[in-house]
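J.: Just one file: upload-v9.tsv, with TSV, C-alpha atoms.
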chain	number	residue	atom	x	y	z
A	1013	MET	CA	-31.84	96.87	13.25
A	1014	SER	CA	-32.34	93.32	14.24
A	1015	THR	CA	-35.73	91.60	13.89
A	1016	ALA	CA	-34.92	88.80	16.35
A	1017	LYS	CA	-37.23	88.24	19.28
A	1018	PRO	CA	-35.97	89.06	22.77
A	1019	GLY	CA	-34.34	86.04	24.47
A	1020	SER	CA	-33.51	84.21	21.23
A	1021	LYS	CA	-29.98	83.71	20.04
A	1022	LYS	CA	-28.93	85.26	16.83
A	1023	ARG	CA	-27.10	82.99	14.37
A	1024	ARG	CA	-24.34	84.30	12.30
A	1025	SER	CA	-24.13	83.05	8.79
A	1026	GLY	CA	-21.06	81.10	7.79
A	1027	VAL	CA	-20.39	79.68	11.27
A	1028	SER	CA	-21.34	76.05	11.71
A	1029	GLY	CA	-21.24	76.00	15.48
A	1030	SER	CA	-19.45	73.22	17.32
A	1031	ARG	CA	-19.49	70.71	14.44
A	1032	LYS	CA	-16.13	70.12	12.87
A	1033	LYS	CA	-15.67	68.56	9.47
A	1034	LYS	CA	-13.33	65.64	9.07
A	1035	PRO	CA	-10.43	66.32	6.78
A	1036	LYS	CA	-10.59	64.31	3.55
A	1037	THR	CA	-7.93	61.66	3.23
A	1038	ALA	CA	-6.65	60.43	-0.07
A	1039	LYS	CA	-7.10	56.74	-0.86
A	1040	SER	CA	-3.92	54.79	-0.73
A	1041	PRO	CA	-2.69	53.80	-4.18
A	1042	GLN	CA	-2.09	50.20	-3.01
A	1043	LYS	CA	-5.76	49.65	-2.10
A	1044	HIS	CA	-6.88	51.16	-5.35
A	1045	ALA	CA	-4.50	48.98	-7.35
A	1046	ALA	CA	-5.69	45.82	-5.57
A	1047	SER	CA	-9.34	46.59	-6.21
A	1048	SER	CA	-8.69	47.26	-9.89
A	1049	SER	CA	-7.16	43.80	-10.33
A	1050	LYS	CA	-10.42	42.19	-9.16
A	1051	ARG	CA	-12.55	44.04	-11.65
A	1052	GLY	CA	-14.19	41.88	-14.27
A	1053	THR	CA	-13.87	38.55	-12.39
A	1054	ARG	CA	-17.40	38.71	-10.91
A	1055	GLY	CA	-16.43	36.71	-7.84
A	1056	ARG	CA	-14.59	33.93	-9.74
A	1057	SER	CA	-11.22	34.27	-8.13
A	1058	GLY	CA	-11.40	31.23	-5.82
A	1059	PRO	CA	-10.18	27.66	-6.29
A	1060	LEU	CA	-13.37	26.65	-8.13
A	1061	ALA	CA	-13.08	29.38	-10.76
A	1062	ASP	CA	-11.67	26.98	-13.35
A	1063	VAL	CA	-14.11	24.07	-12.61
A	1064	SER	CA	-16.99	23.60	-15.05
A	1065	ILE	CA	-20.62	23.56	-13.95
A	1066	GLU	CA	-20.98	19.95	-15.17
A	1067	ALA	CA	-18.08	18.87	-12.96
A	1068	LEU	CA	-19.61	20.70	-9.97
A	1069	GLN	CA	-22.98	19.02	-10.58
A	1070	ALA	CA	-21.35	15.60	-10.84
A	1071	GLU	CA	-19.48	16.18	-7.56
A	1072	PHE	CA	-22.69	17.36	-5.90
A	1073	GLU	CA	-24.58	14.23	-7.04
A	1074	ARG	CA	-21.73	11.97	-5.89
A	1075	ARG	CA	-21.74	13.55	-2.41
A	1076	LEU	CA	-25.53	13.44	-2.22
A	1077	ALA	CA	-25.58	9.71	-3.08
A	1078	ALA	CA	-22.93	9.04	-0.42
A	1079	LEU	CA	-24.95	10.93	2.21
A	1080	GLN	CA	-28.13	9.05	1.29
A	1081	ARG	CA	-26.33	5.69	1.57
A	1082	ARG	CA	-25.01	6.71	4.99
A	1083	ARG	CA	-28.50	7.77	6.10
A	1084	ASP	CA	-29.94	4.40	5.03
A	1085	GLU	CA	-27.20	2.53	6.92
A	1086	LEU	CA	-27.85	4.57	10.06
A	1087	THR	CA	-31.61	4.03	9.77
A	1088	THR	CA	-31.10	0.27	9.53
A	1089	GLU	CA	-28.77	0.35	12.53
A	1090	LEU	CA	-31.27	2.44	14.53
A	1091	ASP	CA	-34.10	0.01	13.75
A	1092	GLN	CA	-31.97	-2.89	14.95
A	1093	LEU	CA	-31.15	-1.05	18.18
A	1094	GLU	CA	-34.84	-0.27	18.76
A	1095	ARG	CA	-35.69	-3.98	18.40
A	1096	GLU	CA	-32.96	-4.91	20.88
A	1097	ILE	CA	-34.20	-2.34	23.39
A	1098	ALA	CA	-37.77	-3.60	22.99
A	1099	ASN	CA	-36.59	-7.14	23.82
A	1100	PHE	CA	-35.29	-6.01	27.20
A	1101	GLU	CA	-38.65	-4.46	28.22
A	1102	ILE	CA	-37.01	-1.91	30.47
A	1103	ALA	CA	-38.03	1.62	31.34
A	1104	PRO	CA	-37.56	4.05	28.47
A	1105	ALA	CA	-34.34	6.01	28.24
A	1106	PRO	CA	-34.33	9.58	29.59
A	1107	GLY	CA	-35.85	11.94	27.09
A	1108	ARG	CA	-38.14	9.30	25.62
A	1109	ARG	CA	-41.80	9.13	26.42
A	1110	ALA	CA	-43.14	6.07	28.16
A	1111	THR	CA	-46.01	4.41	26.34
A	1112	ARG	CA	-49.01	3.53	28.42
A	1113	PRO	CA	-50.57	0.13	27.96
A	1114	THR	CA	-53.66	0.58	25.85
A	1115	ARG	CA	-57.01	-1.03	26.47
A	1116	LYS	CA	-58.57	-3.04	23.73
A	1117	ARG	CA	-61.74	-1.26	22.69
A	1118	ALA	CA	-64.86	-3.38	22.98
A	1119	ARG	CA	-66.68	-3.95	19.68
A	1120	ASN	CA	-70.47	-4.17	19.61
A	1121	THR	CA	-72.88	-5.00	16.80
A	1122	THR	CA	-75.15	-2.06	17.67
A	1123	ASN	CA	-74.40	1.37	19.07
A	1124	LEU	CA	-75.36	2.40	22.60
A	1125	THR	CA	-78.37	4.46	21.46
A	1126	GLU	CA	-79.96	1.45	19.75
A	1127	ALA	CA	-79.21	-0.82	22.70
A	1128	LEU	CA	-80.83	1.65	25.11
A	1129	ARG	CA	-83.87	2.03	22.82
A	1130	LYS	CA	-84.45	-1.76	22.85
A	1131	ILE	CA	-84.21	-1.93	26.65
A	1132	LEU	CA	-86.41	1.13	27.32
A	1133	THR	CA	-89.22	0.21	24.92
A	1134	ASP	CA	-92.48	0.39	26.97
A	1135	ARG	CA	-90.49	0.91	30.22
A	1136	THR	CA	-89.13	3.68	32.42
A	1137	MET	CA	-85.78	3.11	34.10
A	1138	SER	CA	-83.10	4.98	36.02
A	1139	VAL	CA	-79.68	5.59	34.51
A	1140	SER	CA	-77.98	3.02	36.77
A	1141	GLU	CA	-80.59	0.39	35.96
A	1142	MET	CA	-80.13	1.06	32.24
A	1143	ALA	CA	-76.36	0.75	32.47
A	1144	GLU	CA	-76.70	-2.66	34.17
A	1145	ALA	CA	-79.46	-3.84	31.83
A	1146	VAL	CA	-77.57	-2.91	28.66
A	1147	GLN	CA	-74.50	-4.81	29.84
A	1148	ALA	CA	-76.63	-7.80	30.87
A	1149	ALA	CA	-78.15	-7.77	27.36
A	1150	GLY	CA	-74.65	-8.20	25.88
A	1151	TYR	CA	-73.37	-4.67	25.29
A	1152	ARG	CA	-69.62	-4.77	25.97
A	1153	THR	CA	-67.66	-1.91	27.48
A	1154	THR	CA	-64.34	-1.41	29.22
A	1155	SER	CA	-65.26	2.00	30.61
A	1156	PRO	CA	-64.85	2.47	34.35
A	1157	ASN	CA	-67.60	5.13	34.28
A	1158	PHE	CA	-70.15	3.54	31.95
A	1159	ARG	CA	-73.10	5.04	33.86
A	1160	THR	CA	-71.89	8.52	32.87
A	1161	ILE	CA	-71.65	7.49	29.22
A	1162	VAL	CA	-75.22	6.15	29.34
A	1163	ASN	CA	-76.39	9.42	30.89
A	1164	GLN	CA	-74.63	11.47	28.18
A	1165	THR	CA	-76.23	9.31	25.48
A	1166	LEU	CA	-79.68	9.90	26.95
A	1167	ILE	CA	-79.17	13.68	27.23
A	1168	GLY	CA	-77.58	13.93	23.79
A	1169	ASN	CA	-80.51	12.26	21.98
A	1170	PRO	CA	-83.63	14.24	22.94
A	1171	LYS	CA	-85.47	13.08	19.79
A	1172	VAL	CA	-85.16	9.44	20.91
A	1173	PHE	CA	-85.36	9.53	24.72
A	1174	LYS	CA	-87.79	11.34	27.01
A	1175	ARG	CA	-86.98	12.40	30.57
A	1176	VAL	CA	-89.88	11.34	32.79
A	1177	SER	CA	-88.50	12.54	36.12
A	1178	ARG	CA	-85.14	13.17	37.71
A	1179	GLY	CA	-82.86	10.34	36.54
A	1180	LYS	CA	-85.70	8.40	34.90
A	1181	TYR	CA	-86.02	8.01	31.11
A	1182	THR	CA	-88.13	6.24	28.53
A	1183	VAL	CA	-88.31	6.05	24.74
A	1184	LYS	CA	-90.26	8.86	23.05
A	1185	ALA	CA	-93.31	7.89	21.09
A	1186	GLY	CA	-92.32	7.68	17.43
A	1187	GLY	CA	-88.62	7.87	18.36
Could you show the structure in this file as C-alpha cells?
T.:
Amino acid sequence: MSTAKPGSKKRRSGVSGSRKKKPKTAKSPQKHAASSSKRGTRGRSGPLADVSIEALQAEFERRLAALQRRRDELTTELDQLEREIANFEIAPAPGRRATRPTRKRARNTTNLTEALRKILTDRTMSVSEMAEAVQAAGYRTTSPNFRTIVNQTLIGNPKVFKRVSRGKYTVKAGG
C-alpha cells in the first residue's frame, strides 16, 4: 500500500524526470599535447622570456626619463602659450572659467568692533549713523552694504554693545 497523500504525485526511483545528462566527450589529444608543452614555463613563453630583470629595469628607467623630459618640455610650452594669451586680454577660451576682477581689501589699523566702541563711548546712535561716523573717523571699507556689516558686528558682540531701543546702540558699562 502506498503512503502518499491524495493529490500528490508519486516519484519513481531511478527516473530523473525531464533532465538529460550530456554525454561525456573525450579531450582531443592535440589540445592535451599543446597544454603539456607549456607546463613548467610559468608564463615565460613570450618575447621577454630571455631578457634579464636588470635589462628590463634599465629600459623602464630610460623610458621614464624620456617621458619626464617630454612632460617638462610641454609644461614650458604651455606656460609660454598662457603668457601669450594673457597679453591679448581676450575672453577666455570655451571650457575655461573667466576670472572676475577682484577688489583690493581695505586695511585698517583697528578692527570694526574697536572703531565702533570709540565712536559709541558715552553716546547712543543708530546703525546708519554709526556706519557714517566710523567711515568719517577713517575706517576704510569697500563694502557696498557696510551698514549691514555694522549691524552684524553690534549683534554679534553682546558683551561690548547694548541695544537701547530698536536700531539704537551704545557701549555697555565695563565693556
J.: Pick out the closest residue to Met1137 (chain A) from this set: A:Leu1166, A:Ala1070, A:Ala1149, A:Ile1161. Count only C-alpha atoms.
T.: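 Closest to Met1137 (chain A) of all the choices is A:Leu1166.
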J.: Which is closer to Ala1185 (chain A) than all the others in A:Leu1132, A:Ile1167, A:Leu1124, A:Leu1090, using all atoms listed in the file?
T.: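 Under the stated criterion, the closest residue is A:Leu1132.
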J.: Could you tell me how far CA of Ala1127 (chain A) lies from CA of Gln1147 (chain A), in Å and to one decimal?
T.: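 We find that CA of Ala1127 (chain A) and CA of Gln1147 (chain A) lie 9.4 Å from each other.
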J.: If I take CA of Lys1171 (chain A) and CA of Lys1130 (chain A), how far is one from the other in Å, to one decimal?
T.: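 The value is 15.2 Å.
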J.: May I ask for the distance between CA of Ser1140 (chain A) and CA of Asn1163 (chain A), given in Å to one decimal place?
T.: 8.8 Å
J.: Restricting the calculation to only C-alpha atoms: of A:Ala1148, A:Val1063, A:Leu1068, A:Val1139, which residue gets closest to Lys1180 (chain A)?
T.: A:Val1139
J.: Point out the residue among A:Gln1092, A:Thr1087, A:Thr1122, A:Asn1099 with the least atom-to-atom distance to Tyr1151 (chain A), counting only C-alpha atoms.
T.: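 Nearest candidate to Tyr1151 (chain A) out of A:Gln1092, A:Thr1087, A:Thr1122, A:Asn1099: A:Thr1122.
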J.: Kindly provide, as a VMD selection string, the polymer residues lying within 7 Å of (-89.2, 7.7, 20.3), counting all atoms listed in the file and using the coordinates exactly as they appear in the file.
T.: chain A and resid 1171 to 1173 1183 to 1187
